[in-house]
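Asks: Could you have a look at this structure, given as structure tokens, before my questions?
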Amino acid sequence: MLLAIFADIHANRQAFSACLDFARAHGAERMICLGDYVGYGADPEWTVETVMGLVDNGVMAVRGNHDNAVGTVSETMNAEAQAAIEWTRGRLSAAQRRFLAELPLTLREDDRLYVHSEASSPAKWRYVQNRSDAALSISATNAHATFCGHIHRPALYSMSAAAKMTSFVPTSGVPVQLLGGRRWLAVLGSVGQPRDGNPAASFAMFDTGSREITYCRVPYDAEAAANRIRENGLPPWLAERLLVGR
């Protein structure tokens, strides 16, 4: 089965729409959503409603830290992220807020684990920034492959049976086979707010038969998404960073 796996949509309607269209056009048979549907962007209602509809049709979805913050006022972020969350709370319906609050932190399917941050302590929202962080996550599960987001930059890590770690930044459009005999952590880039210097939306396709993962980049109307942020009075930097991928 060909999976399309999305992370960190961040209320960016233009980016998520482009990625959904791309995935469907390239044969995606099922979709997985790894959290952070809200925060930063200006279309939280549409994004959450879209994800709710996908889940109703069998899509698997987990909760991210921004989703969690909508219903947890004690959870604080940096000033710009906090401003966006407080604005988002006022935009979502009770049903949409409840949907986010009730999403699980992890989901397991066959030999795959899905989580927003990492597997060792999902509720602490740790970032996978290096091999040491990745090893902690990989060691916390017996899954052959763990898929996560949170850091907004694509990366692939693997651990051998002798606990030797490898890591690299995948090349967009080039399939990588997640070989048996190793365990893998695939860090997705961000659909709605990439931070690797490339403003194109990022997600991945995974073939469960061949165990090949392909990272995808999808250009979208980032200026329109930025304008939506400006029009709604959100912090200007949240708009500007979409145009530079930082």
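Residue numbering restarts at 1 in every chain; chains get A, B, ... in the order shown in the structure tokens, and ligands count up from 1 in that same order.
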Give me the residues within 9 Å of Ala155 of chain A as a PDB file with all heavy atoms, in the first residue's frame, counting only C-alpha atoms and dropping any in the same chain fewer than 6 places off.
Replies:
ATOM      1  N   SER A 167      22.847   8.453   9.700  1.00  0.00           N
ATOM      2  CA  SER A 167      21.882   9.528   9.455  1.00  0.00           C
ATOM      3  C   SER A 167      22.231  10.244   8.167  1.00  0.00           C
ATOM      4  O   SER A 167      23.399  10.304   7.773  1.00  0.00           O
ATOM      5  CB  SER A 167      21.877  10.533  10.615  1.00  0.00           C
ATOM      6  OG  SER A 167      23.129  11.194  10.724  1.00  0.00           O
ATOM      7  N   PHE A 168      21.207  10.778   7.518  1.00  0.00           N
ATOM      8  CA  PHE A 168      21.439  11.606   6.341  1.00  0.00           C
ATOM      9  C   PHE A 168      20.182  12.400   6.027  1.00  0.00           C
ATOM     10  O   PHE A 168      19.087  12.084   6.521  1.00  0.00           O
ATOM     11  CB  PHE A 168      21.867  10.773   5.125  1.00  0.00           C
ATOM     12  CG  PHE A 168      20.859   9.761   4.657  1.00  0.00           C
ATOM     13  CD1 PHE A 168      19.993  10.042   3.604  1.00  0.00           C
ATOM     14  CD2 PHE A 168      20.801   8.513   5.251  1.00  0.00           C
ATOM     15  CE1 PHE A 168      19.079   9.102   3.156  1.00  0.00           C
ATOM     16  CE2 PHE A 168      19.884   7.563   4.809  1.00  0.00           C
ATOM     17  CZ  PHE A 168      19.026   7.858   3.763  1.00  0.00           C
ATOM     18  N   VAL A 169      20.360  13.426   5.217  1.00  0.00           N
ATOM     19  CA  VAL A 169      19.226  14.218   4.746  1.00  0.00           C
ATOM     20  C   VAL A 169      18.804  13.639   3.403  1.00  0.00           C
ATOM     21  O   VAL A 169      19.604  13.602   2.463  1.00  0.00           O
ATOM     22  CB  VAL A 169      19.600  15.700   4.598  1.00  0.00           C
ATOM     23  CG1 VAL A 169      18.432  16.491   4.023  1.00  0.00           C
ATOM     24  CG2 VAL A 169      20.022  16.278   5.947  1.00  0.00           C
ATOM     25  N   PRO A 170      17.588  13.158   3.288  1.00  0.00           N
ATOM     26  CA  PRO A 170      17.157  12.521   2.037  1.00  0.00           C
ATOM     27  C   PRO A 170      17.028  13.531   0.909  1.00  0.00           C
ATOM     28  O   PRO A 170      16.736  14.706   1.132  1.00  0.00           O
ATOM     29  CB  PRO A 170      15.799  11.920   2.400  1.00  0.00           C
ATOM     30  CG  PRO A 170      15.310  12.773   3.525  1.00  0.00           C
ATOM     31  CD  PRO A 170      16.521  13.184   4.299  1.00  0.00           C
ATOM     32  N   LEU A 185      14.121   5.725  11.812  1.00  0.00           N
ATOM     33  CA  LEU A 185      13.336   6.877  12.230  1.00  0.00           C
ATOM     34  C   LEU A 185      13.300   7.851  11.056  1.00  0.00           C
ATOM     35  O   LEU A 185      14.340   8.391  10.654  1.00  0.00           O
ATOM     36  CB  LEU A 185      13.943   7.557  13.451  1.00  0.00           C
ATOM     37  CG  LEU A 185      13.203   8.804  13.957  1.00  0.00           C
ATOM     38  CD1 LEU A 185      11.807   8.435  14.462  1.00  0.00           C
ATOM     39  CD2 LEU A 185      13.994   9.511  15.054  1.00  0.00           C
ATOM     40  N   ALA A 186      12.124   8.033  10.507  1.00  0.00           N
ATOM     41  CA  ALA A 186      11.944   8.960   9.387  1.00  0.00           C
ATOM     42  C   ALA A 186      11.333  10.251   9.928  1.00  0.00           C
ATOM     43  O   ALA A 186      10.197  10.251  10.410  1.00  0.00           O
ATOM     44  CB  ALA A 186      11.028   8.343   8.335  1.00  0.00           C
ATOM     45  N   VAL A 187      12.105  11.319   9.877  1.00  0.00           N
ATOM     46  CA  VAL A 187      11.640  12.630  10.334  1.00  0.00           C
ATOM     47  C   VAL A 187      11.107  13.375   9.118  1.00  0.00           C
ATOM     48  O   VAL A 187      11.864  13.680   8.185  1.00  0.00           O
ATOM     49  CB  VAL A 187      12.769  13.428  11.011  1.00  0.00           C
ATOM     50  CG1 VAL A 187      12.220  14.737  11.574  1.00  0.00           C
ATOM     51  CG2 VAL A 187      13.425  12.603  12.100  1.00  0.00           C
ATOM     52  N   LEU A 188       9.814  13.629   9.131  1.00  0.00           N
ATOM     53  CA  LEU A 188       9.195  14.302   8.002  1.00  0.00           C
ATOM     54  C   LEU A 188       9.516  15.794   8.032  1.00  0.00           C
ATOM     55  O   LEU A 188       9.708  16.372   9.097  1.00  0.00           O
ATOM     56  CB  LEU A 188       7.668  14.126   8.048  1.00  0.00           C
ATOM     57  CG  LEU A 188       7.063  12.794   7.586  1.00  0.00           C
ATOM     58  CD1 LEU A 188       7.247  12.611   6.097  1.00  0.00           C
ATOM     59  CD2 LEU A 188       7.639  11.621   8.346  1.00  0.00           C
ATOM     60  N   GLY A 189       9.565  16.406   6.883  1.00  0.00           N
ATOM     61  CA  GLY A 189       9.586  17.861   6.849  1.00  0.00           C
ATOM     62  C   GLY A 189       8.191  18.386   7.137  1.00  0.00           C
ATOM     63  O   GLY A 189       7.275  17.626   7.459  1.00  0.00           O
TER      64      GLY A 189
END
Asks: Residues near segment 31-44 of chain A, anyone? I mean within 7 Å using only C-alpha atoms, not counting same-chain ones fewer than 3 positions away, as a compact mmCIF listing (two decimals) with N, CA, C and O atoms, in the first residue's frame.
Replies:
# COMPACT_ATOMS: atom_id res chain seq x y z
N LEU A 3 1.40 4.90 1.12
CA LEU A 3 0.95 5.84 2.13
C LEU A 3 1.48 7.23 1.83
O LEU A 3 2.62 7.39 1.38
N ALA A 4 0.67 8.25 2.10
CA ALA A 4 1.13 9.63 2.10
C ALA A 4 1.14 10.09 3.56
O ALA A 4 0.12 9.96 4.26
N ILE A 5 2.28 10.57 4.03
CA ILE A 5 2.44 10.90 5.45
C ILE A 5 2.75 12.40 5.58
O ILE A 5 3.73 12.90 5.03
N PHE A 6 1.88 13.08 6.33
CA PHE A 6 1.96 14.53 6.47
C PHE A 6 2.24 14.91 7.92
O PHE A 6 1.66 14.34 8.84
N ALA A 7 3.08 15.91 8.12
CA ALA A 7 3.34 16.43 9.46
C ALA A 7 3.39 17.94 9.43
O ALA A 7 3.75 18.54 8.41
N ASP A 8 3.03 18.55 10.55
CA ASP A 8 3.19 19.99 10.74
C ASP A 8 2.53 20.81 9.62
O ASP A 8 3.17 21.58 8.92
N ILE A 9 1.23 20.64 9.52
CA ILE A 9 0.44 21.38 8.52
C ILE A 9 0.28 22.84 8.93
O ILE A 9 0.32 23.74 8.10
N HIS A 10 0.11 23.07 10.20
CA HIS A 10 0.09 24.41 10.79
C HIS A 10 -0.87 25.38 10.10
O HIS A 10 -0.50 26.51 9.76
N ALA A 11 -2.09 24.92 9.91
CA ALA A 11 -3.18 25.78 9.43
C ALA A 11 -2.85 26.49 8.12
O ALA A 11 -3.34 27.58 7.86
N ASN A 12 -2.03 25.84 7.30
CA ASN A 12 -1.66 26.39 6.00
C ASN A 12 -2.50 25.69 4.93
O ASN A 12 -2.14 24.63 4.43
N ARG A 13 -3.62 26.31 4.61
CA ARG A 13 -4.57 25.70 3.68
C ARG A 13 -3.96 25.51 2.30
O ARG A 13 -4.15 24.47 1.66
N THR A 47 -8.48 23.58 8.18
CA THR A 47 -7.52 22.49 8.33
C THR A 47 -8.05 21.40 9.25
O THR A 47 -8.00 20.20 8.92
N VAL A 48 -8.56 21.79 10.41
CA VAL A 48 -9.07 20.78 11.34
C VAL A 48 -10.28 20.07 10.75
O VAL A 48 -10.41 18.85 10.86
N VAL A 59 -8.36 7.67 7.78
CA VAL A 59 -7.01 8.19 7.93
C VAL A 59 -6.59 8.11 9.40
O VAL A 59 -7.40 8.33 10.31
N MET A 60 -5.33 7.77 9.65
CA MET A 60 -4.79 7.73 11.00
C MET A 60 -4.19 9.09 11.32
O MET A 60 -3.48 9.68 10.49
N ALA A 61 -4.44 9.60 12.53
CA ALA A 61 -3.94 10.92 12.91
C ALA A 61 -3.54 10.92 14.38
O ALA A 61 -4.25 10.35 15.22
N VAL A 62 -2.42 11.56 14.68
CA VAL A 62 -1.97 11.72 16.06
C VAL A 62 -1.95 13.21 16.41
O VAL A 62 -2.09 14.08 15.55
N ARG A 63 -1.78 13.48 17.69
CA ARG A 63 -1.81 14.85 18.20
C ARG A 63 -0.41 15.44 18.28
O ARG A 63 0.54 14.76 18.66
N GLY A 64 -0.29 16.72 17.91
CA GLY A 64 0.96 17.44 18.04
C GLY A 64 0.92 18.42 19.21
O GLY A 64 -0.12 18.62 19.85
N ASN A 65 2.05 19.07 19.49
CA ASN A 65 2.10 19.97 20.63
C ASN A 65 1.26 21.22 20.44
O ASN A 65 0.65 21.73 21.40
N HIS A 66 1.14 21.73 19.22
CA HIS A 66 0.27 22.89 18.99
C HIS A 66 -1.19 22.51 19.13
O HIS A 66 -1.99 23.29 19.66
N ASP A 67 -1.54 21.32 18.68
CA ASP A 67 -2.90 20.83 18.86
C ASP A 67 -3.20 20.70 20.36
O ASP A 67 -4.29 21.06 20.82
N ALA A 81 4.38 31.99 18.57
CA ALA A 81 3.59 30.76 18.56
C ALA A 81 2.42 30.87 19.54
O ALA A 81 1.31 30.43 19.25
N ALA A 84 -0.39 32.96 18.13
CA ALA A 84 -1.15 32.22 17.12
C ALA A 84 -2.09 31.21 17.78
O ALA A 84 -3.23 31.02 17.33
N ILE A 85 -1.63 30.54 18.84
CA ILE A 85 -2.48 29.56 19.53
C ILE A 85 -3.67 30.25 20.19
O ILE A 85 -4.81 29.76 20.11
N THR A 88 -6.05 31.06 17.58
CA THR A 88 -6.66 29.84 17.07
C THR A 88 -7.78 29.35 17.99
O THR A 88 -8.83 28.89 17.50
N TYR A 114 3.68 5.72 14.51
CA TYR A 114 3.46 7.11 14.13
C TYR A 114 3.39 7.97 15.39
O TYR A 114 2.65 7.64 16.34
N VAL A 115 4.14 9.07 15.41
CA VAL A 115 4.18 9.95 16.58
C VAL A 115 4.55 11.35 16.09
O VAL A 115 5.22 11.50 15.06
N HIS A 116 4.13 12.37 16.82
CA HIS A 116 4.47 13.72 16.38
C HIS A 116 5.93 14.05 16.67
O HIS A 116 6.66 14.49 15.78
N CYS A 148 7.91 10.53 12.32
CA CYS A 148 7.61 11.65 13.19
C CYS A 148 7.79 12.97 12.45
O CYS A 148 8.27 13.00 11.31
N GLY A 149 7.42 14.04 13.11
CA GLY A 149 7.57 15.39 12.54
C GLY A 149 8.25 16.27 13.56
O GLY A 149 9.31 15.96 14.07
N ARG A 228 -2.80 35.67 4.10
CA ARG A 228 -3.85 35.28 5.04
C ARG A 228 -3.40 35.55 6.48
O ARG A 228 -4.19 36.00 7.32
N ILE A 229 -2.14 35.29 6.76
CA ILE A 229 -1.59 35.54 8.10
C ILE A 229 -1.60 37.04 8.40
O ILE A 229 -2.04 37.48 9.47
N ASN A 232 -5.09 38.55 9.05
CA ASN A 232 -5.70 38.18 10.32
C ASN A 232 -4.96 38.74 11.53
O ASN A 232 -5.28 38.40 12.67
N LEU A 238 5.54 35.24 11.05
CA LEU A 238 4.91 33.98 10.68
C LEU A 238 4.57 33.95 9.19
O LEU A 238 4.54 32.88 8.57
Asks: Residues of segment 31-245 of chain A classed as alpha helix (DSSP H) by DSSP on the backbone are to be reported as a ChimeraX atom specification.
Replies: /A:44-56,65-71,79-91,94-102,131-139,222-231,236-244
Asks: Considering only C-alpha atoms, can you say which of A:Tyr220, A:Phe147, A:Trp87, A:Trp184 comes closest to Thr106 of chain A?
Replies: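 Counting only C-alpha atoms, the residue closest to Thr106 of chain A is A:Phe147.
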Asks: I need the strand (DSSP E) residues of segment 2-229 of chain A per DSSP on the backbone, written as an NGL selection string.
Replies: :A and (2-6 or 30-33 or 60-61 or 106-109 or 112-115 or 145-148 or 155-160 or 165-168 or 176-177 or 182-187 or 201-207 or 212-218)
Asks: Go ahead and compute the interatomic distance for atom CA of Glu240 of chain A and atom CA of Ala224 of chain A, in Å to one decimal.
Replies: 11.5 Å
Asks: Each residue of segment 137-239 of chain A lying at most 8 Å from segment 117-128 of chain A should get a row with its shortest atom-to-atom pair and the distance in Å to one decimal, counting only C-alpha atoms; could you produce that, ordered by chain and increasing number, as JSON lines?
Replies:
{"residue": "A:Ser137", "atom": "CA", "partner": "A:Ala119", "partner_atom": "CA", "distance": 4.7}
{"residue": "A:Ile138", "atom": "CA", "partner": "A:Ala119", "partner_atom": "CA", "distance": 7.1}
{"residue": "A:Ser139", "atom": "CA", "partner": "A:Ser120", "partner_atom": "CA", "distance": 7.7}
{"residue": "A:Ala140", "atom": "CA", "partner": "A:Ser120", "partner_atom": "CA", "distance": 5.0}
{"residue": "A:Thr141", "atom": "CA", "partner": "A:Ala119", "partner_atom": "CA", "distance": 6.9}
{"residue": "A:Thr146", "atom": "CA", "partner": "A:Ala119", "partner_atom": "CA", "distance": 7.8}
{"residue": "A:Cys148", "atom": "CA", "partner": "A:Ser117", "partner_atom": "CA", "distance": 5.7}
{"residue": "A:Gly149", "atom": "CA", "partner": "A:Ser117", "partner_atom": "CA", "distance": 5.9}
{"residue": "A:His150", "atom": "CA", "partner": "A:Ser117", "partner_atom": "CA", "distance": 5.2}
{"residue": "A:Ile151", "atom": "CA", "partner": "A:Tyr127", "partner_atom": "CA", "distance": 6.1}
{"residue": "A:Val187", "atom": "CA", "partner": "A:Val128", "partner_atom": "CA", "distance": 7.9}
Asks: Those same residues, written as a PDB file, in the first residue's frame with C-alpha atoms?
Replies:
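To be explicit, this is the file written out as selection_12.pdb:
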ATOM      1  CA  SER A 137      13.490   7.309  20.025  1.00  0.00           C
ATOM      2  CA  ILE A 138      14.437   4.182  18.083  1.00  0.00           C
ATOM      3  CA  SER A 139      15.412   2.336  21.272  1.00  0.00           C
ATOM      4  CA  ALA A 140      12.019   3.068  22.822  1.00  0.00           C
ATOM      5  CA  THR A 141      10.112   0.897  20.348  1.00  0.00           C
ATOM      6  CA  THR A 146       8.967   5.203  13.253  1.00  0.00           C
ATOM      7  CA  CYS A 148       7.612  11.651  13.192  1.00  0.00           C
ATOM      8  CA  GLY A 149       7.570  15.385  12.542  1.00  0.00           C
ATOM      9  CA  HIS A 150       7.985  18.313  14.945  1.00  0.00           C
ATOM     10  CA  ILE A 151      11.340  19.664  13.780  1.00  0.00           C
ATOM     11  CA  VAL A 187      11.640  12.630  10.334  1.00  0.00           C
TER      12      VAL A 187
END
Asks: Could you state the separation of atom CA of Lys164 of chain A and atom CA of Leu113 of chain A in Å, given to one decimal place?
Replies: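 Between these atoms lies a distance of 20.6 Å.
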Asks: Tell me, as a ChimeraX atom specification, which residues lie within 10 Å of Ser93 of chain A, counting only C-alpha atoms; anything in the same chain fewer than 3 positions away does not count.
Replies: /A:45,48-49,89-90,96-99
Asks: Using only C-alpha atoms for the distances, tell me which of A:Glu80, A:Pro219, A:Leu100, A:Gly173 is nearest to Gly233 of chain A.
Replies: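 That would be A:Glu80, the residue with the smallest distance to Gly233 of chain A.
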Asks: For Asp221 of chain A, work out the shell of residues within 12 Å, counting only C-alpha atoms and skipping chain neighbours fewer than 3 positions away, then give it as a ChimeraX atom specification.
Replies: /A:12-19,192,199-201,218,224-228,242-243
Asks: Nearest residue to Asn130 of chain A out of A:Met165, A:Met52, A:Ala145, A:Leu103, using only C-alpha atoms?
Replies: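 Among the listed residues, A:Met165 lies closest to Asn130 of chain A.
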Asks: To one decimal in Å, tell me the separation between atom CA of Tyr157 of chain A and atom CA of Gly245 of chain A.
Replies: 22.5 Å
